[in-house]
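Encoded as structure tokens, the structure appears first; notes follow it.
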Amino acid sequence: MRIFTWERFLLRTFIVGTIVFAGIIGFTRLGIVSPRSLSSQVGELLRSRIEVAGTPAKIAIGEETVYASVVLPLFHERRTYRPAWSSDKGPLPQTETLLKAISEAETEGLNPRDYHLERINTTLREIRDNQIKKRPLNPGRLVDLDLLLTDAFLIYGSHLLAGRINPVTLDPEWHASRREVDLAKLLESALDRNSIEEALKGLLPPYSGYAKLKEALTRYRDIALQGGWPTIPPGSPMRKGAEGQRVAALCTGLGVTGDLEQKLPEEHNLFDEVVDQAVRRFQRRHGLEVDGVVGPATLAALNVSADERVHQIELNLERWRWLPQNLGKSYVLVNIANFELEVVETRLTVITMRVVVGRPYRRTPVFSDQITYLVLSPYWHIPPGIAVKDILPHIRKDPEYLTRQNIKVFRGWGGERKEVDPKSIDWSKVSARDFPYRFRQDPGPANALGQVKFMFPNKFNVYLHDTPARELFTKTVRGFSSGCIRIEKPIELAEYLLRADPKWTRETLLAATDKRAEQTVRLPRPVPVHLLYWTVWIDEDKLGQFRSDIYGRDILLDRVLRERPPRP
């Protein structure tokens with residue numbers, strides 16, 4: 001019989017423990033059992049950081065803030081917190097790929113510093129220094145790197161996809177049909193396939209106009225780096241025959257912008273035929289009156305610096321990112337800042353016409369919709385605001401105004417509406433504050449909507465329409481409407497939109513409008529319409545088309561972009 005003693009128990013425990021420990025060491029060396037890996041440590045720290053941060057996540061790395069406070073936690077949760085950008089050996093090659101893409105963000109008109117570039121580089125340098133010196137890698141630093149890189153991809157990707165800001169929060173008159181993608185899912189797939197660069201390029205606006213504007217951005221940045229063009233001193237208008245230093249500065253500038261079709265000698269100071277043609281080309285590119293005279297408007301455009309033109313291009317690249325994924329195979333596009341409408345079919349412009357847009361205090365909004373029907377010989381149901389602000393003052397000055405304009409006066413709504421004799425009303429006692437009447441202008445030559453209006457029902461109550469004020473289309477700057485868009489060639493546009501219906505030809509359209517009886521005609525199929533605001537774009541001239549910021553929207557966009565952090 002064995003007698004239990006503490007000495008024997010302790011000896012046996014020591015022997016077993018020694019054997020087990022030796023076994024663990026041996027198995028570890030054989031690779032059979034391993035201590036916690038670096039990746040598992042990083043994963044646990046990552047999970048802890050995100051869970052502590054709450055929802056939406058509030059994570060800071062030094063002075064850097066993680067902006068994708070909803071999508072970033074979702075991405076890591078889907079991965080069960082496995083590190084995305086490192087392994088047991090340190091940072092993965094995809095890190096360099098993303099860094100390269102971020103450093104090239106300037107080519108898209110974006111700022112690389114908005115995507116943690118400096119902090120990522122600092123963190124990477126520390127990690128690589130430890131690798132070179134064969135020091136153990138700090139799991140906390142790898143967590144920082146993972147969070148920074150993930151956030152950089154998500155923020156940069158969201159900016160390429162839909163712009164830096166939501167234009168609706170910028171301007172209530174701007175509604176964007178922004179593209180949508182599950183960026184967390186896209187990043188997961190890109191990491192699995194080692195296709196970070198391809199994934200980001202796939203988020204770019206899929207339009208040739210965007211690509212052309214990017215090329216122009218590079219060109220104008222190069223011009224700015226080389227000193228731009230000289231400022232022309234103020235003075236009297238310059239025209240053919242003028243001479244002097246101001247003409248020499250003009251020639252130098254036109255040479256830099258590419259408007260001169262042939263190279264002139266240095267210090268060329270004669271306003272000759274070559275310079276005249278270059279000035280006219282410049283004027284056409286800037287939406288100015290093409291007369292070959294360098295007057296105040298042309299001089300002001302010439303003296304906009306190259307740096308300012310670069311920034312103008314950047315602002316318009318941002319607007320391209322607000323567009324829907326697909327503009328449509330055939331569509332109607334109105335560039336408000338250019339006072340022009342074009343019909344595009346399979347990427348080719350088949351119709352162009354001048355338009356009149358809203359005054360600066362009654363601005364035409366920006367949005368996309370679909371034209372679903374048109375109205376021939378339309379009544380004009382005059383909006384209350386226009387009735388009070390525009391028509392009431394005319395009535396007070398001229399009692400016959402309503403009769404001459406073929407405008408009827410009604411009181412009440414719907415079935416209870418009754419026509420009222422305007423001569424029975426003492427208009428001097430009718431106030432804008434208490435206005436009980438409704439005005440309707442009957443079809444006819446004086447009707448403000450002309451022969452036809454094109455409808456795409458929207459919250460702004462804006463549409464395209466004809467106008468009897470044809471003289472307005474001869475103006476260079478055409479901001480005269482109350483928000484709707486008056487078009488130069490309404491019958492031509494109607495004929496195009498109804499081309500699939502053999503019933504409607506130019507002749508039948510004109511015959512229908514001659515009857516002066518309102519008629520609604522539905523389109524065979526809806527046609528997309530895009531009301532846009534571009535102050536820069538590139539056409540076949542390739543030098544760039546620049547327009548004045550008639551509504552101050554460039555100024556507002558610039559201010560907001562400078563103020564706001566780069567949230568998704």
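Every chain in the structure tokens has a letter given in the order shown (A, B, ...), and although residue numbers restart at 1 in each chain, ligands are simply numbered from 1 in the order shown.
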Could you pull out the helix (DSSP H, G or I) residues of region 131-171 of chain A from DSSP and send them as an MDAnalysis selection string?
chainID A and resid 131:132 139:162 167:170
For the residues in that selection, give me C-alpha atoms as a JSON list (two decimals), in the first residue's frame.
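Done, and the output landed in selection.json:
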[["chain", "number", "residue", "atom", "x", "y", "z"],
["A", 131, "GLN", "CA", 10.77, 45.22, -40.19],
["A", 132, "ILE", "CA", 14.18, 46.37, -41.41],
["A", 139, "PRO", "CA", -0.22, 45.00, -33.46],
["A", 140, "GLY", "CA", -1.65, 48.40, -32.49],
["A", 141, "ARG", "CA", 0.12, 50.09, -35.40],
["A", 142, "LEU", "CA", -1.21, 47.46, -37.81],
["A", 143, "VAL", "CA", -4.71, 48.16, -36.50],
["A", 144, "ASP", "CA", -4.17, 51.88, -37.14],
["A", 145, "LEU", "CA", -3.03, 51.07, -40.66],
["A", 146, "ASP", "CA", -6.02, 48.82, -41.29],
["A", 147, "LEU", "CA", -8.49, 51.47, -40.17],
["A", 148, "LEU", "CA", -6.80, 54.24, -42.13],
["A", 149, "LEU", "CA", -6.58, 52.26, -45.37],
["A", 150, "THR", "CA", -10.13, 50.95, -45.14],
["A", 151, "ASP", "CA", -11.47, 54.43, -44.47],
["A", 152, "ALA", "CA", -9.35, 55.86, -47.30],
["A", 153, "PHE", "CA", -10.78, 53.38, -49.80],
["A", 154, "LEU", "CA", -14.36, 53.93, -48.65],
["A", 155, "ILE", "CA", -14.14, 57.74, -48.65],
["A", 156, "TYR", "CA", -12.22, 58.02, -51.91],
["A", 157, "GLY", "CA", -14.54, 55.48, -53.51],
["A", 158, "SER", "CA", -17.63, 57.36, -52.35],
["A", 159, "HIS", "CA", -16.24, 60.62, -53.76],
["A", 160, "LEU", "CA", -15.51, 59.05, -57.15],
["A", 161, "LEU", "CA", -18.96, 57.50, -57.15],
["A", 162, "ALA", "CA", -21.15, 60.38, -56.01],
["A", 167, "PRO", "CA", -25.77, 68.88, -53.78],
["A", 168, "VAL", "CA", -29.24, 68.78, -52.22],
["A", 169, "THR", "CA", -27.75, 69.96, -48.91],
["A", 170, "LEU", "CA", -25.80, 72.59, -50.83]]
Can I get the residues of region 172-278 of chain A within 9 Å of region 359-374 of chain A, each with the closest pair of atoms and their distance in Å to one decimal, using only C-alpha atoms, sorted chain first then ascending number, as a Markdown table?
| residue | atom | partner | partner_atom | distance |
| --- | --- | --- | --- | --- |
| A:Pro172 | CA | A:Pro365 | CA | 8.4 |
| A:Glu173 | CA | A:Pro365 | CA | 4.6 |
| A:Trp174 | CA | A:Val366 | CA | 4.6 |
| A:His175 | CA | A:Phe367 | CA | 4.8 |
| A:Ala176 | CA | A:Phe367 | CA | 5.9 |
| A:Ser177 | CA | A:Ser368 | CA | 6.9 |
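Minimum atom-to-atom distances from A:Thr231, A:Ser37, A:Thr97, A:Gln245 to Ala199 (chain A) were compared using only C-alpha atoms, and the lowest value belongs to A:Thr97.
Restricting the calculation to only C-alpha atoms, the smallest distance between Gln519 (chain A) and any of A:Tyr379, A:Tyr463, A:Phe271, A:Phe339 is found for A:Tyr379.
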List every residue of region 260-371 of chain A that DSSP, applied to the backbone, labels as strand (DSSP E), and write the result as a PyMOL selection string.
chain A and resi 330-335+340-345+348-358+367-371
Got a sec: who's within 12 Å of Ala53 (chain A), counting only C-alpha atoms, leaving out chain neighbours fewer than 3 positions off, as a PyMOL selection string?
chain A and resi 46-50+56-60+65-66+69-70+72-73
When distances are computed from only C-alpha atoms, which of A:Lys201, A:Leu98, A:Ile313, A:Trp427 shows the smallest separation from Trp537 (chain A)?
A:Ile313
Contact check, region 330-436 of chain A to region 486-493 of chain A, at most 7 Å, counting only C-alpha atoms, closest pairs as JSON lines:
{"residue": "A:Met353", "atom": "CA", "partner": "A:Glu488", "partner_atom": "CA", "distance": 5.8}
{"residue": "A:Arg354", "atom": "CA", "partner": "A:Glu488", "partner_atom": "CA", "distance": 5.5}
{"residue": "A:Val355", "atom": "CA", "partner": "A:Ile487", "partner_atom": "CA", "distance": 4.6}
{"residue": "A:Val356", "atom": "CA", "partner": "A:Arg486", "partner_atom": "CA", "distance": 5.0}
{"residue": "A:Val357", "atom": "CA", "partner": "A:Arg486", "partner_atom": "CA", "distance": 6.7}
Considering only C-alpha atoms, return as a VMD selection string whatever protein or nucleic-acid residues lie within 8 Å of Ala249 (chain A), sequence-local ones (same chain, fewer than 2 positions apart) excluded.
chain A and resid 230 to 232 245 to 247 251 to 253 269
Please produce an output containing N, CA and C atoms for each residue in the selection, written as a PDB file, in the first residue's frame.
ATOM      1  N   PRO A 230      -0.237  86.407 -69.179  1.00  0.00           N
ATOM      2  CA  PRO A 230      -0.127  87.737 -68.569  1.00  0.00           C
ATOM      3  C   PRO A 230      -1.484  88.403 -68.380  1.00  0.00           C
ATOM      4  N   THR A 231      -1.573  89.247 -67.372  1.00  0.00           N
ATOM      5  CA  THR A 231      -2.755  90.074 -67.159  1.00  0.00           C
ATOM      6  C   THR A 231      -2.670  91.285 -68.076  1.00  0.00           C
ATOM      7  N   ILE A 232      -3.751  91.572 -68.766  1.00  0.00           N
ATOM      8  CA  ILE A 232      -3.784  92.716 -69.683  1.00  0.00           C
ATOM      9  C   ILE A 232      -4.238  93.945 -68.904  1.00  0.00           C
ATOM     10  N   GLN A 245       1.770  97.694 -76.058  1.00  0.00           N
ATOM     11  CA  GLN A 245       2.094  96.656 -75.087  1.00  0.00           C
ATOM     12  C   GLN A 245       0.863  95.844 -74.660  1.00  0.00           C
ATOM     13  N   ARG A 246      -0.307  96.474 -74.615  1.00  0.00           N
ATOM     14  CA  ARG A 246      -1.515  95.723 -74.261  1.00  0.00           C
ATOM     15  C   ARG A 246      -1.824  94.680 -75.340  1.00  0.00           C
ATOM     16  N   VAL A 247      -1.598  95.044 -76.572  1.00  0.00           N
ATOM     17  CA  VAL A 247      -1.795  94.071 -77.663  1.00  0.00           C
ATOM     18  C   VAL A 247      -0.768  92.955 -77.558  1.00  0.00           C
ATOM     19  N   CYS A 251      -1.604  89.012 -77.281  1.00  0.00           N
ATOM     20  CA  CYS A 251      -1.068  87.977 -78.180  1.00  0.00           C
ATOM     21  C   CYS A 251      -0.396  86.854 -77.387  1.00  0.00           C
ATOM     22  N   THR A 252       0.360  87.237 -76.353  1.00  0.00           N
ATOM     23  CA  THR A 252       1.015  86.216 -75.526  1.00  0.00           C
ATOM     24  C   THR A 252      -0.023  85.304 -74.877  1.00  0.00           C
ATOM     25  N   GLY A 253      -1.067  85.899 -74.311  1.00  0.00           N
ATOM     26  CA  GLY A 253      -2.104  85.118 -73.654  1.00  0.00           C
ATOM     27  C   GLY A 253      -2.836  84.198 -74.611  1.00  0.00           C
ATOM     28  N   ASN A 269       3.019  93.082 -81.385  1.00  0.00           N
ATOM     29  CA  ASN A 269       2.141  94.068 -80.750  1.00  0.00           C
ATOM     30  C   ASN A 269       1.149  94.717 -81.704  1.00  0.00           C
TER      31      ASN A 269
END
Counting only C-alpha atoms, the option among A:Ala184, A:Met238, A:Ala297, A:Leu99 closest to Arg547 (chain A):
A:Ala297
Compile the contact shell of Val279 (chain A) as a ChimeraX atom specification: residues with an atom at most 8 Å away, counting only C-alpha atoms, same-chain residues fewer than 5 positions apart removed.
/A:254,259,292-294
Nearest-residue call for Phe75 (chain A), choices A:Lys185, A:Arg119, A:Lys429, A:Arg36, using only C-alpha atoms:
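Among the listed residues, A:Lys185 lies closest to Phe75 (chain A).
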Selection near Val462 (chain A), 8 Å with only C-alpha atoms, sequence-local residues under 6 positions removed, as a VMD selection string
chain A and resid 364 456 483 to 485
Report, in Å with one decimal, the straight-line distance from CA of Pro83 (chain A) to CA of Leu204 (chain A).
27.1 Å
Straight-line distance linking CA of Glu266 (chain A) with CA of Arg239 (chain A), stated in Å to one decimal
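Separation between CA of Glu266 (chain A) and CA of Arg239 (chain A): 19.7 Å.
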